[in-house]
$ cat entry12.tsv   # TSV, C-alpha atoms
chain	number	residue	atom	x	y	z
A	1175	MET	CA	28.41	30.87	-19.73
A	1176	THR	CA	26.12	28.07	-20.94
A	1177	SER	CA	27.67	24.62	-20.78
A	1178	GLN	CA	27.86	22.27	-23.76
A	1179	LEU	CA	25.35	19.48	-23.33
A	1180	PHE	CA	26.16	15.97	-24.58
A	1181	GLN	CA	23.34	13.44	-24.32
A	1182	VAL	CA	24.40	9.79	-24.20
A	1183	HIS	CA	22.10	7.24	-25.90
A	1184	GLY	CA	20.41	4.64	-23.72
A	1185	LEU	CA	22.29	1.66	-25.19
A	1186	VAL	CA	25.63	3.45	-24.78
A	1187	SER	CA	24.71	4.41	-21.19
A	1188	PHE	CA	23.76	0.81	-20.38
A	1189	THR	CA	26.99	-0.52	-21.89
A	1190	LEU	CA	29.02	2.06	-20.00
A	1191	ALA	CA	27.32	0.96	-16.76
A	1192	ILE	CA	28.49	-2.61	-17.42
A	1193	LEU	CA	32.06	-1.38	-17.96
A	1194	LEU	CA	31.85	0.70	-14.77
A	1195	LEU	CA	30.68	-2.34	-12.80
A	1196	PHE	CA	33.74	-4.25	-14.08
A	1197	LEU	CA	35.91	-1.27	-13.15
A	1198	GLY	CA	34.42	-1.21	-9.65
A	1199	LYS	CA	35.05	-4.95	-9.25
A	1200	THR	CA	38.68	-4.54	-10.33
A	1201	LEU	CA	39.28	-1.62	-7.96
A	1202	VAL	CA	37.70	-3.48	-5.03
A	1203	GLN	CA	39.76	-6.60	-5.76
A	1204	HIS	CA	43.00	-4.60	-5.72
A	1205	ASN	CA	42.21	-2.30	-2.79
A	1206	THR	CA	42.36	-3.69	0.74
A	1207	PHE	CA	40.46	-0.74	2.22
A	1208	LEU	CA	37.49	-1.18	-0.11
A	1209	ARG	CA	37.34	-4.92	0.59
A	1210	GLN	CA	37.79	-4.60	4.32
A	1211	TYR	CA	34.95	-2.11	4.72
A	1212	CYS	CA	32.55	-3.82	2.28
A	1213	ILE	CA	32.28	-0.90	-0.15
A	1214	PRO	CA	30.02	-2.16	-3.00
A	1215	GLU	CA	31.61	-2.58	-6.43
A	1216	SER	CA	28.68	-0.77	-8.08
A	1217	VAL	CA	29.22	2.23	-5.81
A	1218	VAL	CA	32.91	2.44	-6.71
A	1219	GLY	CA	32.29	2.20	-10.46
A	1220	GLY	CA	29.33	4.58	-10.46
A	1221	PHE	CA	31.07	7.20	-8.36
A	1222	VAL	CA	34.15	7.14	-10.63
A	1223	CYS	CA	31.86	8.08	-13.51
A	1224	ALA	CA	30.14	10.83	-11.48
A	1225	ALA	CA	33.56	12.26	-10.55
A	1226	VAL	CA	34.72	12.25	-14.18
A	1227	THR	CA	31.55	13.98	-15.44
A	1228	SER	CA	31.96	16.59	-12.70
A	1229	LEU	CA	35.55	17.27	-13.76
A	1230	LEU	CA	34.37	17.71	-17.36
A	1231	TYR	CA	31.70	20.14	-16.18
A	1232	PHE	CA	33.94	22.27	-13.98
A	1233	GLY	CA	37.06	22.00	-16.12
A	1234	LEU	CA	35.77	22.14	-19.70
A	1235	ASN	CA	32.18	23.37	-19.19
A	1236	ILE	CA	30.86	20.13	-20.70
A	1237	GLN	CA	27.70	18.59	-19.26
A	1238	ILE	CA	27.15	14.86	-19.80
A	1239	GLU	CA	23.58	13.61	-19.57
A	1240	PHE	CA	22.93	9.86	-19.66
A	1241	ASP	CA	19.71	8.24	-20.87
A	1242	LEU	CA	18.94	5.98	-17.89
A	1243	GLN	CA	15.35	4.90	-18.59
A	1244	VAL	CA	16.22	1.21	-18.19
A	1245	ARG	CA	17.46	1.89	-14.64
A	1246	ASP	CA	13.97	1.90	-13.08
A	1247	THR	CA	13.03	-1.37	-14.81
A	1248	LEU	CA	16.12	-3.00	-13.32
A	1249	LEU	CA	14.92	-1.98	-9.87
A	1250	LEU	CA	11.51	-3.54	-10.53
A	1251	TYR	CA	13.16	-6.82	-11.57
A	1252	PHE	CA	15.22	-6.82	-8.42
A	1253	PHE	CA	12.27	-6.33	-6.05
A	1254	ALA	CA	10.18	-8.83	-7.97
A	1255	GLY	CA	12.99	-11.31	-7.27
A	1256	ILE	CA	13.02	-10.42	-3.57
A	1257	GLY	CA	9.27	-11.04	-3.43
A	1258	LEU	CA	9.55	-14.39	-5.24
A	1259	LYS	CA	12.13	-15.56	-2.69
A	1260	SER	CA	10.28	-14.21	0.36
A	1261	ASP	CA	8.61	-16.54	2.83
A	1262	MET	CA	5.82	-14.90	4.83
A	1263	ARG	CA	6.28	-17.53	7.52
A	1264	GLN	CA	9.56	-15.83	8.32
A	1265	LEU	CA	7.83	-12.42	8.35
A	1266	LEU	CA	5.26	-13.67	10.86
A	1267	LYS	CA	8.10	-14.85	13.05
A	1268	GLY	CA	9.77	-11.46	12.60
A	1269	GLY	CA	6.67	-9.29	13.14
A	1270	ARG	CA	8.05	-7.72	16.30
A	1271	PRO	CA	11.41	-6.74	14.69
A	1272	LEU	CA	9.45	-5.18	11.80
A	1273	LEU	CA	7.47	-3.01	14.24
A	1274	ILE	CA	10.60	-2.08	16.20
A	1275	LEU	CA	12.47	-1.05	13.05
A	1276	LEU	CA	9.53	1.06	11.89
A	1277	LEU	CA	9.36	2.83	15.26
A	1278	LEU	CA	13.13	3.42	15.20
A	1279	ALA	CA	12.86	4.90	11.71
A	1280	ALA	CA	9.95	7.13	12.75
A	1281	VAL	CA	11.86	8.47	15.76
A	1282	PHE	CA	14.86	9.09	13.52
A	1283	ILE	CA	12.74	11.15	11.10
A	1284	LEU	CA	11.77	13.42	14.02
A	1285	LEU	CA	15.44	13.83	14.96
A	1286	GLN	CA	16.43	14.34	11.31
A	1287	ASN	CA	13.93	17.14	10.75
A	1288	SER	CA	14.66	18.81	14.07
A	1289	LEU	CA	18.37	18.88	13.19
A	1290	GLY	CA	17.73	20.22	9.68
A	1291	MET	CA	15.49	23.02	10.93
A	1292	GLY	CA	17.98	23.92	13.65
A	1293	VAL	CA	20.86	24.24	11.16
A	1294	ALA	CA	18.70	26.31	8.80
A	1295	GLN	CA	17.83	28.69	11.61
A	1296	ALA	CA	21.51	28.95	12.58
A	1297	PHE	CA	22.30	30.05	8.99
A	1298	GLY	CA	19.56	32.69	9.11
A	1299	LEU	CA	17.24	30.78	6.77
A	1300	ASP	CA	13.59	29.90	7.12
A	1301	PRO	CA	13.64	26.93	9.55
A	1302	LYS	CA	11.26	25.05	7.26
A	1303	ALA	CA	13.97	25.10	4.57
A	1304	GLY	CA	15.75	22.67	6.86
A	1305	LEU	CA	13.13	20.05	6.05
A	1306	MET	CA	14.61	19.92	2.55
A	1307	VAL	CA	17.91	18.76	4.10
A	1308	GLY	CA	15.98	16.50	6.45
A	1309	SER	CA	13.56	13.65	5.89
A	1310	ILE	CA	12.19	15.03	2.59
A	1311	SER	CA	15.42	14.47	0.64
A	1312	LEU	CA	17.14	11.91	2.87
A	1313	THR	CA	14.57	9.44	4.17
A	1314	GLY	CA	12.17	10.33	1.36
A	1315	GLY	CA	14.63	10.25	-1.53
A	1316	VAL	CA	14.43	11.97	-4.88
A	1317	GLY	CA	10.76	11.10	-5.49
A	1318	THR	CA	9.63	12.69	-2.22
A	1319	THR	CA	11.89	15.68	-2.93
A	1320	LEU	CA	10.33	16.31	-6.33
A	1321	ALA	CA	6.84	15.93	-4.84
A	1322	TRP	CA	7.30	18.39	-1.95
A	1323	ALA	CA	9.60	21.02	-3.53
A	1324	PRO	CA	6.86	22.81	-5.55
A	1325	LEU	CA	4.73	23.15	-2.39
A	1326	PHE	CA	7.67	24.67	-0.50
A	1327	VAL	CA	8.24	27.14	-3.35
A	1328	ASP	CA	4.59	28.13	-3.90
A	1329	LYS	CA	3.18	28.00	-0.37
A	1330	LEU	CA	6.19	28.65	1.88
A	1331	GLY	CA	8.17	30.96	-0.42
A	1332	ILE	CA	11.40	28.90	-0.22
A	1333	SER	CA	12.58	29.59	-3.78
A	1334	ASN	CA	15.58	27.23	-3.77
A	1335	ALA	CA	13.73	24.29	-2.21
A	1336	HIS	CA	14.27	22.12	-5.30
A	1337	GLU	CA	18.03	22.74	-5.41
A	1338	LEU	CA	18.39	22.17	-1.65
A	1339	GLY	CA	16.51	18.87	-1.87
A	1340	ILE	CA	18.33	17.48	-4.92
A	1341	ALA	CA	21.76	18.46	-3.56
A	1342	SER	CA	21.01	16.91	-0.17
A	1343	ASN	CA	19.67	13.74	-1.76
A	1344	THR	CA	22.87	13.47	-3.82
A	1345	VAL	CA	25.15	13.76	-0.78
A	1346	GLY	CA	22.92	11.46	1.26
A	1347	LEU	CA	22.89	8.78	-1.43
A	1348	ILE	CA	26.68	8.76	-1.62
A	1349	ALA	CA	27.04	8.69	2.17
A	1350	ALA	CA	24.51	5.87	2.53
A	1351	CYS	CA	26.50	3.78	0.07
A	1352	VAL	CA	29.72	4.34	1.99
A	1353	ILE	CA	28.72	3.96	5.65
A	1354	GLY	CA	26.62	0.77	5.54
A	1355	GLY	CA	29.32	-1.85	4.99
A	1356	PRO	CA	31.85	-0.37	7.45
A	1357	ILE	CA	29.21	-0.12	10.22
A	1358	ALA	CA	28.25	-3.80	9.85
A	1359	ASN	CA	31.87	-4.89	9.57
A	1360	ARG	CA	32.77	-2.98	12.76
A	1361	LEU	CA	29.81	-4.40	14.68
A	1362	ILE	CA	30.58	-7.99	13.62
A	1363	GLN	CA	34.22	-7.67	14.64
A	1364	ARG	CA	33.74	-5.70	17.85
A	1365	TYR	CA	31.02	-7.95	19.26
A	1366	GLN	CA	32.42	-11.13	17.66
A	1367	LEU	CA	29.02	-11.96	16.22
A	1368	SER	CA	28.30	-15.45	14.96
A	1369	THR	CA	27.67	-15.00	11.24
A	1370	SER	CA	25.27	-17.31	9.43
A	1371	GLY	CA	27.53	-18.69	6.68
A	1372	ASP	CA	24.24	-19.52	4.93
A	1373	ALA	CA	24.83	-19.58	1.16
A	1374	ALA	CA	21.13	-19.23	0.26
A	1375	LEU	CA	21.39	-15.49	-0.35
A	1376	GLU	CA	18.58	-13.23	-1.51
A	1377	VAL	CA	21.15	-11.45	-3.69
A	1378	GLY	CA	24.35	-12.87	-5.12
A	1379	ILE	CA	26.48	-15.84	-4.12
A	1380	LEU	CA	28.37	-16.20	-0.85
A	1381	ASP	CA	32.09	-15.45	-1.24
A	1382	GLN	CA	34.09	-18.61	-1.97
A	1383	GLN	CA	30.91	-20.70	-1.91
A	1384	PRO	CA	30.83	-23.25	-4.77
A	1385	SER	CA	27.57	-23.50	-6.67
A	1386	LYS	CA	26.30	-26.03	-9.17
A	1387	PRO	CA	26.51	-24.91	-12.81
A	1388	LEU	CA	23.45	-23.23	-14.29
A	1389	ASP	CA	21.97	-24.11	-17.62
A	1390	TYR	CA	20.05	-21.59	-19.68
A	1391	TYR	CA	16.69	-23.19	-18.82
A	1392	ASP	CA	17.29	-22.31	-15.16
A	1393	VAL	CA	17.77	-18.66	-16.13
A	1394	LEU	CA	14.82	-18.67	-18.55
A	1395	TRP	CA	12.57	-20.27	-15.91
A	1396	ALA	CA	13.51	-17.56	-13.41
A	1397	TRP	CA	13.15	-14.84	-16.06
A	1398	MET	CA	9.64	-16.04	-16.91
A	1399	TRP	CA	8.53	-15.84	-13.27
A	1400	LEU	CA	10.09	-12.40	-12.94
A	1401	ASN	CA	8.20	-11.14	-15.98
A	1402	LEU	CA	4.94	-12.60	-14.67
A	1403	THR	CA	5.60	-10.87	-11.35
A	1404	LEU	CA	6.29	-7.53	-13.05
A	1405	MET	CA	3.02	-7.83	-14.99
A	1406	ALA	CA	1.12	-8.64	-11.79
A	1407	GLY	CA	2.89	-5.77	-10.03
A	1408	TYR	CA	1.91	-3.31	-12.75
A	1409	GLY	CA	-1.71	-4.50	-12.53
A	1410	LEU	CA	-1.73	-4.15	-8.75
A	1411	ASN	CA	-0.25	-0.65	-9.02
A	1412	LEU	CA	-3.00	0.41	-11.46
A	1413	LEU	CA	-5.69	-0.94	-9.11
A	1414	LEU	CA	-4.18	0.99	-6.21
A	1415	VAL	CA	-4.03	4.20	-8.26
A	1416	ASP	CA	-7.70	3.79	-9.21
A	1417	ALA	CA	-8.46	3.37	-5.50
A	1418	GLY	CA	-6.61	6.61	-4.72
A	1419	VAL	CA	-3.55	4.94	-3.20
A	1420	THR	CA	-0.15	5.91	-4.60
A	1421	LEU	CA	2.78	3.57	-3.96
A	1422	PRO	CA	6.15	3.18	-5.70
A	1423	LYS	CA	5.92	0.52	-8.42
A	1424	PHE	CA	8.69	-1.53	-6.82
A	1425	VAL	CA	6.51	-2.01	-3.71
A	1426	SER	CA	3.70	-3.39	-5.90
A	1427	CYS	CA	6.18	-5.75	-7.58
A	1428	LEU	CA	7.51	-6.84	-4.18
A	1429	PHE	CA	4.00	-7.69	-2.97
A	1430	ALA	CA	3.15	-9.40	-6.27
A	1431	GLY	CA	6.25	-11.58	-5.90
A	1432	ILE	CA	5.28	-12.54	-2.34
A	1433	VAL	CA	1.75	-13.49	-3.47
A	1434	ILE	CA	2.97	-15.52	-6.46
A	1435	HIS	CA	5.54	-17.33	-4.31
A	1436	HIS	CA	2.89	-18.44	-1.85
A	1437	LEU	CA	0.39	-19.39	-4.54
A	1438	VAL	CA	3.04	-21.64	-6.12
A	1439	LEU	CA	3.93	-22.96	-2.64
A	1440	ALA	CA	0.26	-23.83	-1.99
A	1441	PHE	CA	-0.07	-25.72	-5.29
A	1442	VAL	CA	3.26	-27.58	-5.53
A	1443	GLY	CA	4.27	-27.95	-1.88
A	1444	ASP	CA	7.36	-26.98	0.09
A	1445	GLN	CA	9.45	-30.04	-0.76
A	1446	ARG	CA	8.77	-29.79	-4.49
A	1447	LEU	CA	9.61	-26.09	-4.45
A	1448	LYS	CA	12.98	-26.82	-2.85
A	1449	THR	CA	13.88	-29.12	-5.75
A	1450	TRP	CA	13.80	-26.15	-8.13
A	1451	SER	CA	17.29	-25.15	-6.98
A	1452	GLY	CA	18.43	-24.26	-10.49
A	1453	ALA	CA	15.60	-21.75	-10.91
A	1454	SER	CA	16.43	-20.29	-7.49
A	1455	GLN	CA	20.04	-19.82	-8.56
A	1456	GLY	CA	18.87	-18.23	-11.80
A	1457	LEU	CA	16.67	-15.86	-9.81
A	1458	SER	CA	19.60	-14.86	-7.59
A	1459	LEU	CA	21.81	-14.33	-10.62
A	1460	ILE	CA	19.33	-12.04	-12.41
A	1461	SER	CA	18.54	-10.15	-9.18
A	1462	ASP	CA	22.23	-9.60	-8.49
A	1463	ILE	CA	22.84	-8.25	-12.00
A	1464	CYS	CA	19.83	-5.94	-11.83
A	1465	LEU	CA	20.77	-4.50	-8.44
A	1466	GLY	CA	24.40	-3.91	-9.37
A	1467	MET	CA	23.45	-2.27	-12.66
A	1468	PHE	CA	20.73	-0.15	-11.02
A	1469	LEU	CA	23.02	1.35	-8.41
A	1470	THR	CA	25.84	1.86	-10.91
A	1471	MET	CA	23.48	3.75	-13.21
A	1472	ALA	CA	21.98	5.74	-10.32
A	1473	LEU	CA	25.43	6.96	-9.24
A	1474	MET	CA	26.82	7.55	-12.73
A	1475	GLY	CA	23.86	9.86	-13.38
A	1476	LEU	CA	24.56	12.10	-10.36
A	1477	GLN	CA	25.24	15.73	-11.26
A	1478	LEU	CA	27.51	16.77	-8.42
A	1479	TRP	CA	27.74	20.38	-9.64
A	1480	GLN	CA	24.21	20.91	-8.34
A	1481	LEU	CA	25.81	21.13	-4.89
A	1482	SER	CA	27.33	24.55	-5.70
A	1483	GLY	CA	24.27	26.51	-4.52
A	1484	ALA	CA	24.04	27.10	-0.75
A	1485	LEU	CA	27.14	24.93	-0.43
A	1486	MET	CA	28.16	25.78	3.14
A	1487	PHE	CA	24.64	25.28	4.52
A	1488	ILE	CA	24.27	21.95	2.71
A	1489	LEU	CA	27.71	20.67	3.75
A	1490	CYS	CA	27.19	21.64	7.38
A	1491	ALA	CA	23.69	20.19	7.56
A	1492	LEU	CA	24.60	16.97	5.77
A	1493	THR	CA	27.76	16.44	7.83
A	1494	LEU	CA	25.67	16.60	11.00
A	1495	GLN	CA	22.96	14.39	9.46
A	1496	ILE	CA	25.52	11.74	8.51
A	1497	LEU	CA	27.09	11.79	11.99
A	1498	LEU	CA	23.62	11.50	13.53
A	1499	THR	CA	22.83	8.53	11.28
A	1500	VAL	CA	26.05	6.70	12.14
A	1501	ALA	CA	25.61	7.26	15.90
A	1502	TYR	CA	21.92	6.31	15.88
A	1503	THR	CA	22.56	3.20	13.80
A	1504	TYR	CA	25.55	2.03	15.82
A	1505	PHE	CA	24.27	2.74	19.34
A	1506	VAL	CA	20.49	2.48	19.00
A	1507	VAL	CA	19.37	0.47	15.95
A	1508	PHE	CA	21.84	-2.40	16.42
A	1509	ARG	CA	21.08	-2.75	20.12
A	1510	LEU	CA	17.29	-2.61	19.87
A	1511	MET	CA	17.20	-4.94	16.85
A	1512	GLY	CA	18.81	-7.72	18.90
A	1513	ARG	CA	22.61	-7.22	18.94
A	1514	ASP	CA	23.10	-10.26	16.66
A	1515	TYR	CA	24.22	-10.89	13.07
A	1516	GLU	CA	20.77	-10.08	11.64
A	1517	ALA	CA	20.86	-6.80	13.57
A	1518	SER	CA	24.27	-5.92	12.10
A	1519	VAL	CA	22.94	-6.50	8.55
A	1520	ILE	CA	19.88	-4.38	9.33
A	1521	ALA	CA	22.25	-1.70	10.65
A	1522	SER	CA	24.13	-1.76	7.34
A	1523	GLY	CA	20.85	-1.10	5.56
A	1524	PHE	CA	19.64	1.60	7.93
A	1525	GLY	CA	21.80	4.17	6.17
A	1526	GLY	CA	19.75	3.46	3.07
A	1527	ILE	CA	16.54	4.08	5.02
A	1528	ALA	CA	17.86	7.25	6.65
A	1529	LEU	CA	20.03	8.81	3.93
A	1530	GLY	CA	19.63	7.13	0.58
A	1531	SER	CA	17.04	4.81	-0.88
A	1532	THR	CA	15.67	1.29	-0.64
A	1533	ALA	CA	18.12	0.16	-3.32
A	1534	THR	CA	21.02	1.60	-1.32
A	1535	ALA	CA	19.87	-0.24	1.78
A	1536	ILE	CA	19.64	-3.51	-0.13
A	1537	VAL	CA	22.99	-3.18	-1.86
A	1538	ASN	CA	24.68	-2.43	1.50
A	1539	MET	CA	23.11	-5.51	3.04
A	1540	SER	CA	23.89	-7.69	0.04
A	1541	THR	CA	27.56	-6.71	0.18
A	1542	VAL	CA	27.73	-7.72	3.84
A	1543	THR	CA	25.85	-11.01	3.34
A	1544	GLN	CA	28.00	-12.01	0.37
A	1545	LYS	CA	30.94	-11.88	2.77
A	1546	TYR	CA	29.37	-13.33	5.92
A	1547	GLY	CA	26.26	-15.27	4.88
A	1548	ALA	CA	22.52	-14.80	4.41
A	1549	ALA	CA	20.29	-12.72	6.70
A	1550	HIS	CA	16.77	-13.63	5.58
A	1551	GLN	CA	14.83	-11.58	8.13
A	1552	ALA	CA	16.79	-8.42	7.29
A	1553	PHE	CA	16.02	-8.76	3.58
A	1554	LEU	CA	12.31	-9.09	4.30
A	1555	ILE	CA	11.69	-6.37	6.89
A	1556	VAL	CA	14.05	-3.65	5.59
A	1557	PRO	CA	12.44	-3.37	2.12
A	1558	LEU	CA	8.97	-3.31	3.70
A	1559	VAL	CA	9.94	-0.58	6.17
A	1560	CYS	CA	12.04	1.36	3.66
A	1561	GLY	CA	9.80	1.01	0.63
A	1562	PHE	CA	6.31	1.11	2.10
A	1563	PHE	CA	5.62	1.92	5.76
A	1564	ILE	CA	8.21	4.66	6.19
A	1565	ASP	CA	6.83	6.68	3.26
A	1566	LEU	CA	3.48	6.92	5.01
A	1567	VAL	CA	5.06	7.90	8.33
A	1568	ASN	CA	7.36	10.40	6.62
A	1569	ALA	CA	4.45	12.12	4.83
A	1570	VAL	CA	2.59	12.61	8.14
A	1571	ILE	CA	5.68	13.98	9.92
A	1572	ILE	CA	6.60	16.34	7.03
A	1573	SER	CA	3.04	17.71	7.05
A	1574	MET	CA	3.26	18.24	10.79
A	1575	PHE	CA	6.59	20.10	10.65
A	1576	SER	CA	5.80	22.18	7.56
A	1577	GLY	CA	2.18	23.01	8.39
A	1578	LEU	CA	1.14	22.08	4.84

$ encode --input "entry12.tsv" --output "structure tokens"
Amino acid sequence: MTSQLFQVHGLVSFTLAILLLFLGKTLVQHNTFLRQYCIPESVVGGFVCAAVTSLLYFGLNIQIEFDLQVRDTLLLYFFAGIGLKSDMRQLLKGGRPLLILLLLAAVFILLQNSLGMGVAQAFGLDPKAGLMVGSISLTGGVGTTLAWAPLFVDKLGISNAHELGIASNTVGLIAACVIGGPIANRLIQRYQLSTSGDAALEVGILDQQPSKPLDYYDVLWAWMWLNLTLMAGYGLNLLLVDAGVTLPKFVSCLFAGIVIHHLVLAFVGDQRLKTWSGASQGLSLISDICLGMFLTMALMGLQLWQLSGALMFILCALTLQILLTVAYTYFVVFRLMGRDYEASVIASGFGGIALGSTATAIVNMSTVTQKYGAAHQAFLIVPLVCGFFIDLVNAVIISMFSGL
């Protein structure tokens, strides 16, 4: 029986996302478990909506489809803000951690694909179908899934490759949102790590940290620089496409922000730049809003009923993948990244690298830092690994495993 389709207008969808973010904040404030384990407010609100739409689908055969076009623009604003607040001097100091994290992620992709292919073979499926519940959908995300699925259908004869990939990406995204905060919280408490307490966050404002009032010129000043960065990012992306290089637009915006920050730094000087504290607060405020709204909209748009096909295979494979991610993050990533507070924040974001998306990694880290203080190195190297380098490594490894 064909379901009734209700399409929700973009303005209504955006307004609903705001309400869901308020709902998530209220639920987190009144639930000790959610606060204790640093579950993001946007995740709570977005998942409530996904659960309700699923109940409508299964109970009343009603399918809700949200117009979420603004969602991707919010992500671009967020990464433009990260770039504008990034200091390459810190990256040069953290070059070795960047390389270590990339190597750890590459090794994990090998483990992830080996596990996926093994589970597929155990279920009597083509082992290469396991790649769709491996790094294609998990490390790669929905974009990589949509790019590889047609090749798996046409050249490998795996007819349900698209459904396997989308379902796995859905479960992975939810899991990545849930495991990041608890892992960092556990590491900080178990090893009694010295947290930074630094209120100069890349995203948001440190819990219980007073801040000077903003005026609307502070916000407008930040907004202007964000728009300039987005325009530069779009231009950079077009140049890369013409040169035959395809990168996600948010990576171009991130790099554009870094370049603009250092051009301004070269012209006005470090001390003068530090006096623009109001603009910096405005930048944090806009970035925080954009990230929270992006993740809320990403989760509210999940269609959980897509998990119904090949359910047992997907559940078994994803359960093992999630357990592998938790163990690898807790026992390997944290230790090799330095066993300190920065390492615990990176560990909270590793679930986003391994199971979800760059945005998931960032929102996990931002939730932890809003509680314990800034982790500047983590916010610079994780987006670069997650949003740029790992895509290149993943493409090579997928080609190697699939033979395509």

$ closest_residue --input "entry12.tsv" --among "A:Thr1493, A:Asn1538, A:Ser1531, A:Ser1216" --to "A:Leu1469" --atoms "all atoms listed in the file"
A:Ser1216

$ atom_distance --input "entry12.tsv" --atom1 "atom CA of A:Met1291" --atom2 "atom CA of A:Ala1535"
25.4 Å

$ residues_around --input "entry12.tsv" --residues "A:Thr1534" --least-positions-apart "4" --cutoff "8 Å" --atoms "all atoms listed in the file" --output "JSON list (two decimals) with C-alpha atoms, in the coordinates of the input"
[["chain", "number", "residue", "atom", "x", "y", "z"],
["A", 1347, "LEU", "CA", 22.89, 8.78, -1.43],
["A", 1350, "ALA", "CA", 24.51, 5.87, 2.53],
["A", 1351, "CYS", "CA", 26.50, 3.78, 0.07],
["A", 1469, "LEU", "CA", 23.02, 1.35, -8.41],
["A", 1523, "GLY", "CA", 20.85, -1.10, 5.56],
["A", 1525, "GLY", "CA", 21.80, 4.17, 6.17],
["A", 1526, "GLY", "CA", 19.75, 3.46, 3.07],
["A", 1530, "GLY", "CA", 19.63, 7.13, 0.58],
["A", 1538, "ASN", "CA", 24.68, -2.43, 1.50]]

$ atom_distance --input "entry12.tsv" --atom1 "atom CA of A:Phe1508" --atom2 "atom CA of A:Ile1353"
14.3 Å

$ closest_residue --input "entry12.tsv" --among "A:Thr1344, A:Ala1491, A:Lys1302, A:Thr1247" --to "A:Gly1577" --atoms "only C-alpha atoms"
A:Lys1302
